[in-house]
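Containing PDB, N, CA and C atoms and all ligand atoms: my_file27.pdb.
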```pdb
ATOM      1  N   MET A  16       0.854  -1.204   0.000  1.00  0.00           N
ATOM      2  CA  MET A  16       0.000   0.000   0.000  1.00  0.00           C
ATOM      3  C   MET A  16       0.881   1.241   0.000  1.00  0.00           C
ATOM      4  N   THR A  17       0.539   2.148  -0.881  1.00  0.00           N
ATOM      5  CA  THR A  17       1.338   3.378  -0.932  1.00  0.00           C
ATOM      6  C   THR A  17       0.940   4.336   0.189  1.00  0.00           C
ATOM      7  N   PHE A  18       1.752   5.329   0.377  1.00  0.00           N
ATOM      8  CA  PHE A  18       1.493   6.327   1.413  1.00  0.00           C
ATOM      9  C   PHE A  18       0.184   7.053   1.155  1.00  0.00           C
ATOM     10  N   GLU A  19      -0.055   7.420  -0.116  1.00  0.00           N
ATOM     11  CA  GLU A  19      -1.270   8.183  -0.448  1.00  0.00           C
ATOM     12  C   GLU A  19      -2.536   7.373  -0.193  1.00  0.00           C
ATOM     13  N   ASN A  20      -2.526   6.086  -0.534  1.00  0.00           N
ATOM     14  CA  ASN A  20      -3.697   5.242  -0.311  1.00  0.00           C
ATOM     15  C   ASN A  20      -3.975   5.062   1.173  1.00  0.00           C
ATOM     16  N   ALA A  21      -2.922   4.857   1.953  1.00  0.00           N
ATOM     17  CA  ALA A  21      -3.085   4.692   3.390  1.00  0.00           C
ATOM     18  C   ALA A  21      -3.626   5.966   4.021  1.00  0.00           C
ATOM     19  N   LYS A  22      -3.176   7.105   3.518  1.00  0.00           N
ATOM     20  CA  LYS A  22      -3.634   8.405   4.029  1.00  0.00           C
ATOM     21  C   LYS A  22      -5.121   8.601   3.746  1.00  0.00           C
ATOM     22  N   LYS A  23      -5.555   8.176   2.557  1.00  0.00           N
ATOM     23  CA  LYS A  23      -6.962   8.329   2.165  1.00  0.00           C
ATOM     24  C   LYS A  23      -7.878   7.540   3.089  1.00  0.00           C
ATOM     25  N   GLN A  24      -7.402   6.375   3.541  1.00  0.00           N
ATOM     26  CA  GLN A  24      -8.240   5.510   4.361  1.00  0.00           C
ATOM     27  C   GLN A  24      -8.507   6.073   5.746  1.00  0.00           C
ATOM     28  N   ILE A  25      -7.645   6.932   6.271  1.00  0.00           N
ATOM     29  CA  ILE A  25      -7.835   7.415   7.638  1.00  0.00           C
ATOM     30  C   ILE A  25      -8.120   8.910   7.683  1.00  0.00           C
ATOM     31  N   THR A  26      -8.658   9.471   6.605  1.00  0.00           N
ATOM     32  CA  THR A  26      -8.944  10.913   6.607  1.00  0.00           C
ATOM     33  C   THR A  26     -10.033  11.276   7.598  1.00  0.00           C
ATOM     34  N   ASN A  27     -10.915  10.320   7.961  1.00  0.00           N
ATOM     35  CA  ASN A  27     -11.999  10.607   8.908  1.00  0.00           C
ATOM     36  C   ASN A  27     -11.611  10.364  10.355  1.00  0.00           C
ATOM     37  N   LYS A  28     -10.366   9.982  10.579  1.00  0.00           N
ATOM     38  CA  LYS A  28      -9.884   9.757  11.949  1.00  0.00           C
ATOM     39  C   LYS A  28      -8.738  10.722  12.219  1.00  0.00           C
ATOM     40  N   PRO A  29      -9.062  11.934  12.700  1.00  0.00           N
ATOM     41  CA  PRO A  29      -8.047  12.999  12.784  1.00  0.00           C
ATOM     42  C   PRO A  29      -6.849  12.673  13.668  1.00  0.00           C
ATOM     43  N   ILE A  30      -7.056  11.988  14.781  1.00  0.00           N
ATOM     44  CA  ILE A  30      -5.916  11.700  15.659  1.00  0.00           C
ATOM     45  C   ILE A  30      -4.985  10.686  15.007  1.00  0.00           C
ATOM     46  N   LYS A  31      -5.600   9.640  14.429  1.00  0.00           N
ATOM     47  CA  LYS A  31      -4.794   8.638  13.734  1.00  0.00           C
ATOM     48  C   LYS A  31      -4.064   9.257  12.553  1.00  0.00           C
ATOM     49  N   LEU A  32      -4.744  10.183  11.859  1.00  0.00           N
ATOM     50  CA  LEU A  32      -4.130  10.836  10.700  1.00  0.00           C
ATOM     51  C   LEU A  32      -2.911  11.652  11.114  1.00  0.00           C
ATOM     52  N   ALA A  33      -3.037  12.399  12.228  1.00  0.00           N
ATOM     53  CA  ALA A  33      -1.908  13.203  12.708  1.00  0.00           C
ATOM     54  C   ALA A  33      -0.719  12.329  13.046  1.00  0.00           C
ATOM     55  N   LYS A  34      -0.987  11.203  13.744  1.00  0.00           N
ATOM     56  CA  LYS A  34       0.088  10.262  14.087  1.00  0.00           C
ATOM     57  C   LYS A  34       0.723   9.689  12.827  1.00  0.00           C
ATOM     58  N   PHE A  35      -0.142   9.337  11.879  1.00  0.00           N
ATOM     59  CA  PHE A  35       0.345   8.735  10.638  1.00  0.00           C
ATOM     60  C   PHE A  35       1.255   9.704   9.891  1.00  0.00           C
ATOM     61  N   LEU A  36       0.842  10.967   9.813  1.00  0.00           N
ATOM     62  CA  LEU A  36       1.642  11.957   9.095  1.00  0.00           C
ATOM     63  C   LEU A  36       2.968  12.213   9.796  1.00  0.00           C
ATOM     64  N   LYS A  37       2.944  12.122  11.145  1.00  0.00           N
ATOM     65  CA  LYS A  37       4.171  12.397  11.878  1.00  0.00           C
ATOM     66  C   LYS A  37       5.192  11.278  11.707  1.00  0.00           C
ATOM     67  N   PHE A  38       4.719  10.019  11.747  1.00  0.00           N
ATOM     68  CA  PHE A  38       5.661   8.907  11.808  1.00  0.00           C
ATOM     69  C   PHE A  38       5.827   8.146  10.498  1.00  0.00           C
ATOM     70  N   SER A  39       4.882   8.278   9.569  1.00  0.00           N
ATOM     71  CA  SER A  39       4.931   7.426   8.389  1.00  0.00           C
ATOM     72  C   SER A  39       5.149   8.178   7.088  1.00  0.00           C
ATOM     73  N   ALA A  40       5.426   9.470   7.157  1.00  0.00           N
ATOM     74  CA  ALA A  40       5.647  10.226   5.931  1.00  0.00           C
ATOM     75  C   ALA A  40       6.900   9.725   5.224  1.00  0.00           C
ATOM     76  N   PRO A  41       6.856   9.644   3.884  1.00  0.00           N
ATOM     77  CA  PRO A  41       8.039   9.178   3.171  1.00  0.00           C
ATOM     78  C   PRO A  41       9.197  10.165   3.284  1.00  0.00           C
ATOM     79  N   LEU A  42      10.420   9.645   3.278  1.00  0.00           N
ATOM     80  CA  LEU A  42      11.594  10.491   3.399  1.00  0.00           C
ATOM     81  C   LEU A  42      11.773  11.381   2.180  1.00  0.00           C
ATOM     82  N   GLU A  43      12.174  12.625   2.401  1.00  0.00           N
ATOM     83  CA  GLU A  43      12.593  13.487   1.296  1.00  0.00           C
ATOM     84  C   GLU A  43      14.041  13.137   0.978  1.00  0.00           C
ATOM     85  N   ARG A  44      14.258  12.572  -0.215  1.00  0.00           N
ATOM     86  CA  ARG A  44      15.597  12.082  -0.526  1.00  0.00           C
ATOM     87  C   ARG A  44      16.377  13.095  -1.361  1.00  0.00           C
ATOM     88  N   LYS A  45      17.669  13.199  -1.038  1.00  0.00           N
ATOM     89  CA  LYS A  45      18.524  14.130  -1.779  1.00  0.00           C
ATOM     90  C   LYS A  45      19.241  13.427  -2.904  1.00  0.00           C
ATOM     91  N   PHE A  46      19.424  12.124  -2.782  1.00  0.00           N
ATOM     92  CA  PHE A  46      20.049  11.358  -3.856  1.00  0.00           C
ATOM     93  C   PHE A  46      19.473   9.954  -3.837  1.00  0.00           C
ATOM     94  N   GLY A  47      19.786   9.171  -4.858  1.00  0.00           N
ATOM     95  CA  GLY A  47      19.214   7.836  -4.982  1.00  0.00           C
ATOM     96  C   GLY A  47      18.133   7.831  -6.044  1.00  0.00           C
ATOM     97  N   ARG A  48      17.572   6.660  -6.295  1.00  0.00           N
ATOM     98  CA  ARG A  48      16.627   6.503  -7.397  1.00  0.00           C
ATOM     99  C   ARG A  48      15.383   7.360  -7.230  1.00  0.00           C
ATOM    100  N   SER A  49      14.817   7.381  -6.033  1.00  0.00           N
ATOM    101  CA  SER A  49      13.543   8.066  -5.858  1.00  0.00           C
ATOM    102  C   SER A  49      13.699   9.576  -5.790  1.00  0.00           C
ATOM    103  N   ALA A  50      14.943  10.074  -5.826  1.00  0.00           N
ATOM    104  CA  ALA A  50      15.151  11.522  -5.795  1.00  0.00           C
ATOM    105  C   ALA A  50      14.915  12.152  -7.165  1.00  0.00           C
ATOM    106  N   THR A  51      14.995  11.358  -8.240  1.00  0.00           N
ATOM    107  CA  THR A  51      14.812  11.901  -9.577  1.00  0.00           C
ATOM    108  C   THR A  51      13.771  11.089 -10.344  1.00  0.00           C
ATOM    109  N   PRO A  52      12.488  11.273 -10.037  1.00  0.00           N
ATOM    110  CA  PRO A  52      11.454  10.548 -10.772  1.00  0.00           C
ATOM    111  C   PRO A  52      11.214  11.173 -12.144  1.00  0.00           C
ATOM    112  N   CYS A  53      10.503  10.449 -12.997  1.00  0.00           N
ATOM    113  CA  CYS A  53      10.135  10.951 -14.322  1.00  0.00           C
ATOM    114  C   CYS A  53       9.308  12.222 -14.159  1.00  0.00           C
ATOM    115  N   ARG A  54       9.586  13.219 -14.967  1.00  0.00           N
ATOM    116  CA  ARG A  54       8.879  14.498 -14.813  1.00  0.00           C
ATOM    117  C   ARG A  54       7.447  14.442 -15.319  1.00  0.00           C
ATOM    118  N   ARG A  55       7.120  13.398 -16.102  1.00  0.00           N
ATOM    119  CA  ARG A  55       5.779  13.311 -16.668  1.00  0.00           C
ATOM    120  C   ARG A  55       4.879  12.398 -15.832  1.00  0.00           C
ATOM    121  N   CYS A  56       5.369  11.211 -15.481  1.00  0.00           N
ATOM    122  CA  CYS A  56       4.504  10.248 -14.801  1.00  0.00           C
ATOM    123  C   CYS A  56       4.975   9.891 -13.391  1.00  0.00           C
ATOM    124  N   GLY A  57       6.219  10.223 -13.036  1.00  0.00           N
ATOM    125  CA  GLY A  57       6.673   9.964 -11.679  1.00  0.00           C
ATOM    126  C   GLY A  57       7.318   8.611 -11.456  1.00  0.00           C
ATOM    127  N   LYS A  58       7.481   7.807 -12.517  1.00  0.00           N
ATOM    128  CA  LYS A  58       8.164   6.524 -12.378  1.00  0.00           C
ATOM    129  C   LYS A  58       9.635   6.733 -12.049  1.00  0.00           C
ATOM    130  N   THR A  59      10.228   5.739 -11.374  1.00  0.00           N
ATOM    131  CA  THR A  59      11.659   5.835 -11.084  1.00  0.00           C
ATOM    132  C   THR A  59      12.453   4.805 -11.875  1.00  0.00           C
ATOM    133  N   GLU A  60      11.768   3.910 -12.602  1.00  0.00           N
ATOM    134  CA  GLU A  60      12.467   2.873 -13.357  1.00  0.00           C
ATOM    135  C   GLU A  60      12.665   3.333 -14.795  1.00  0.00           C
ATOM    136  N   GLY A  61      13.771   2.901 -15.399  1.00  0.00           N
ATOM    137  CA  GLY A  61      14.002   3.161 -16.813  1.00  0.00           C
ATOM    138  C   GLY A  61      14.132   4.635 -17.128  1.00  0.00           C
ATOM    139  N   LEU A  62      14.837   5.353 -16.298  1.00  0.00           N
ATOM    140  CA  LEU A  62      14.917   6.798 -16.456  1.00  0.00           C
ATOM    141  C   LEU A  62      16.019   7.199 -17.436  1.00  0.00           C
ATOM    142  N   ILE A  63      15.752   8.222 -18.242  1.00  0.00           N
ATOM    143  CA  ILE A  63      16.764   8.750 -19.155  1.00  0.00           C
ATOM    144  C   ILE A  63      17.171  10.133 -18.659  1.00  0.00           C
ATOM    145  N   ASN A  64      18.400  10.204 -18.145  1.00  0.00           N
ATOM    146  CA  ASN A  64      18.898  11.473 -17.608  1.00  0.00           C
ATOM    147  C   ASN A  64      19.773  12.220 -18.604  1.00  0.00           C
ATOM    148  N   LYS A  65      20.077  11.566 -19.713  1.00  0.00           N
ATOM    149  CA  LYS A  65      20.962  12.166 -20.705  1.00  0.00           C
ATOM    150  C   LYS A  65      20.356  13.466 -21.222  1.00  0.00           C
ATOM    151  N   TYR A  66      21.190  14.464 -21.460  1.00  0.00           N
ATOM    152  CA  TYR A  66      20.787  15.814 -21.898  1.00  0.00           C
ATOM    153  C   TYR A  66      19.816  16.469 -20.910  1.00  0.00           C
ATOM    154  N   GLY A  67      19.766  15.984 -19.658  1.00  0.00           N
ATOM    155  CA  GLY A  67      18.849  16.551 -18.677  1.00  0.00           C
ATOM    156  C   GLY A  67      17.391  16.295 -18.985  1.00  0.00           C
ATOM    157  N   LEU A  68      17.097  15.175 -19.648  1.00  0.00           N
ATOM    158  CA  LEU A  68      15.714  14.893 -20.053  1.00  0.00           C
ATOM    159  C   LEU A  68      14.809  14.582 -18.860  1.00  0.00           C
ATOM    160  N   ARG A  69      15.274  13.664 -17.999  1.00  0.00           N
ATOM    161  CA  ARG A  69      14.494  13.185 -16.852  1.00  0.00           C
ATOM    162  C   ARG A  69      13.128  12.631 -17.250  1.00  0.00           C
ATOM    163  N   TYR A  70      13.059  11.911 -18.364  1.00  0.00           N
ATOM    164  CA  TYR A  70      11.869  11.158 -18.729  1.00  0.00           C
ATOM    165  C   TYR A  70      12.143   9.682 -18.521  1.00  0.00           C
ATOM    166  N   CYS A  71      11.116   8.907 -18.157  1.00  0.00           N
ATOM    167  CA  CYS A  71      11.284   7.461 -18.179  1.00  0.00           C
ATOM    168  C   CYS A  71      11.229   7.026 -19.634  1.00  0.00           C
ATOM    169  N   ARG A  72      11.646   5.773 -19.904  1.00  0.00           N
ATOM    170  CA  ARG A  72      11.770   5.361 -21.298  1.00  0.00           C
ATOM    171  C   ARG A  72      10.410   5.312 -21.999  1.00  0.00           C
ATOM    172  N   GLN A  73       9.353   5.000 -21.243  1.00  0.00           N
ATOM    173  CA  GLN A  73       8.030   4.939 -21.845  1.00  0.00           C
ATOM    174  C   GLN A  73       7.561   6.340 -22.249  1.00  0.00           C
ATOM    175  N   CYS A  74       7.744   7.319 -21.368  1.00  0.00           N
ATOM    176  CA  CYS A  74       7.331   8.681 -21.685  1.00  0.00           C
ATOM    177  C   CYS A  74       8.202   9.263 -22.789  1.00  0.00           C
ATOM    178  N   PHE A  75       9.499   8.918 -22.765  1.00  0.00           N
ATOM    179  CA  PHE A  75      10.398   9.433 -23.796  1.00  0.00           C
ATOM    180  C   PHE A  75       9.949   8.969 -25.174  1.00  0.00           C
ATOM    181  N   ARG A  76       9.517   7.723 -25.263  1.00  0.00           N
ATOM    182  CA  ARG A  76       9.042   7.183 -26.533  1.00  0.00           C
ATOM    183  C   ARG A  76       7.875   8.005 -27.073  1.00  0.00           C
ATOM    184  N   GLU A  77       7.000   8.433 -26.179  1.00  0.00           N
ATOM    185  CA  GLU A  77       5.831   9.193 -26.614  1.00  0.00           C
ATOM    186  C   GLU A  77       6.164  10.665 -26.883  1.00  0.00           C
ATOM    187  N   GLU A  78       7.134  11.196 -26.160  1.00  0.00           N
ATOM    188  CA  GLU A  78       7.402  12.627 -26.244  1.00  0.00           C
ATOM    189  C   GLU A  78       8.539  12.987 -27.211  1.00  0.00           C
ATOM    190  N   ALA A  79       9.302  11.968 -27.639  1.00  0.00           N
ATOM    191  CA  ALA A  79      10.546  12.239 -28.358  1.00  0.00           C
ATOM    192  C   ALA A  79      10.341  13.127 -29.584  1.00  0.00           C
ATOM    193  N   LYS A  80       9.296  12.868 -30.362  1.00  0.00           N
ATOM    194  CA  LYS A  80       9.095  13.652 -31.573  1.00  0.00           C
ATOM    195  C   LYS A  80       8.801  15.110 -31.252  1.00  0.00           C
ATOM    196  N   LYS A  81       8.025  15.345 -30.203  1.00  0.00           N
ATOM    197  CA  LYS A  81       7.702  16.716 -29.800  1.00  0.00           C
ATOM    198  C   LYS A  81       8.956  17.456 -29.352  1.00  0.00           C
ATOM    199  N   LEU A  82       9.900  16.700 -28.751  1.00  0.00           N
ATOM    200  CA  LEU A  82      11.127  17.311 -28.242  1.00  0.00           C
ATOM    201  C   LEU A  82      12.127  17.593 -29.356  1.00  0.00           C
ATOM    202  N   GLY A  83      11.879  17.070 -30.533  1.00  0.00           N
ATOM    203  CA  GLY A  83      12.768  17.343 -31.651  1.00  0.00           C
ATOM    204  C   GLY A  83      13.696  16.209 -31.992  1.00  0.00           C
ATOM    205  N   PHE A  84      13.529  15.030 -31.397  1.00  0.00           N
ATOM    206  CA  PHE A  84      14.350  13.876 -31.748  1.00  0.00           C
ATOM    207  C   PHE A  84      13.831  13.296 -33.044  1.00  0.00           C
ATOM    208  N   LYS A  85      14.747  12.989 -33.971  1.00  0.00           N
ATOM    209  CA  LYS A  85      14.322  12.428 -35.235  1.00  0.00           C
ATOM    210  C   LYS A  85      14.388  10.920 -35.231  1.00  0.00           C
ATOM    211  N   LYS A  86      15.403  10.377 -34.485  1.00  0.00           N
ATOM    212  CA  LYS A  86      15.578   8.929 -34.428  1.00  0.00           C
ATOM    213  C   LYS A  86      15.476   8.536 -32.965  1.00  0.00           C
ATOM    214  N   TYR A  87      14.529   7.683 -32.581  1.00  0.00           N
ATOM    215  CA  TYR A  87      14.359   7.391 -31.190  1.00  0.00           C
ATOM    216  C   TYR A  87      14.047   5.941 -30.898  1.00  0.00           C
ATOM    217  N   ASP A  88      13.942   5.059 -31.883  1.00  0.00           N
ATOM    218  CA  ASP A  88      13.638   3.662 -31.625  1.00  0.00           C
ATOM    219  C   ASP A  88      14.902   2.816 -31.444  1.00  0.00           C
TER     220      ASP A  88
HETATM  221 ZN    ZN B   1       7.360   8.763 -17.355  1.00  0.00          ZN
END
```
Rewrite the structure of this file - the entire thing - as structure tokens.
Amino acid sequence: MTFENAKKQITNKPIKLAKFLKFSAPLERKFGRSATPCRRCGKTEGLINKYGLRYCRQCFREEAKKLGFKKYD
């Protein structure tokens, strides 16, 4: 279960929600995989950082032509 889904389940329980936010919030990371997610969909797998793109490979495939890439397959 992700953090957001767990948070949604206890929105009607204010005390539990406060505790949950205090102790279970995800870490803000300065480096590592989850520090640089895809700028379009937020995935952390298959990321292309070359030329400062920061797209995952799936999003890059869809966006490449708009970005001006002529050869991308
Ligand atoms: Zn993506």
Starting from the displayed file, determine the output of the PyMOL selection byres (((chain A and resi 59-68 and name CA) around 12) and not hetatm and name CA) and express the residue list as an NGL selection string.
:A and (47-58 or 69-76 or 78-79 or 82 or 84)
Among the residues A:Lys23, A:Lys86, A:Lys80, A:Phe18, the one that comes closest to Pro41 in chain A [using all atoms listed in the file]:
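Smallest distance to Pro41 in chain A is found for A:Phe18.
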Enter the distance from atom N of Lys81 in chain A to CA of Phe46 in chain A, in Å, rounded to one decimal.
29.2 Å
DSSP on the backbone, helix (DSSP H, G or I) only: what residues of chain A does that give? Format it as a ChimeraX atom specification.
/A:18-24,29-39,48-50,65-67,72-82
Here CA of Glu43 in chain A and CA of Lys22 in chain A stand apart by 17.2 Å
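Pairwise distance (CA of Ala21 in chain A, atom N of Phe38 in chain A) equals 12.6 Å.
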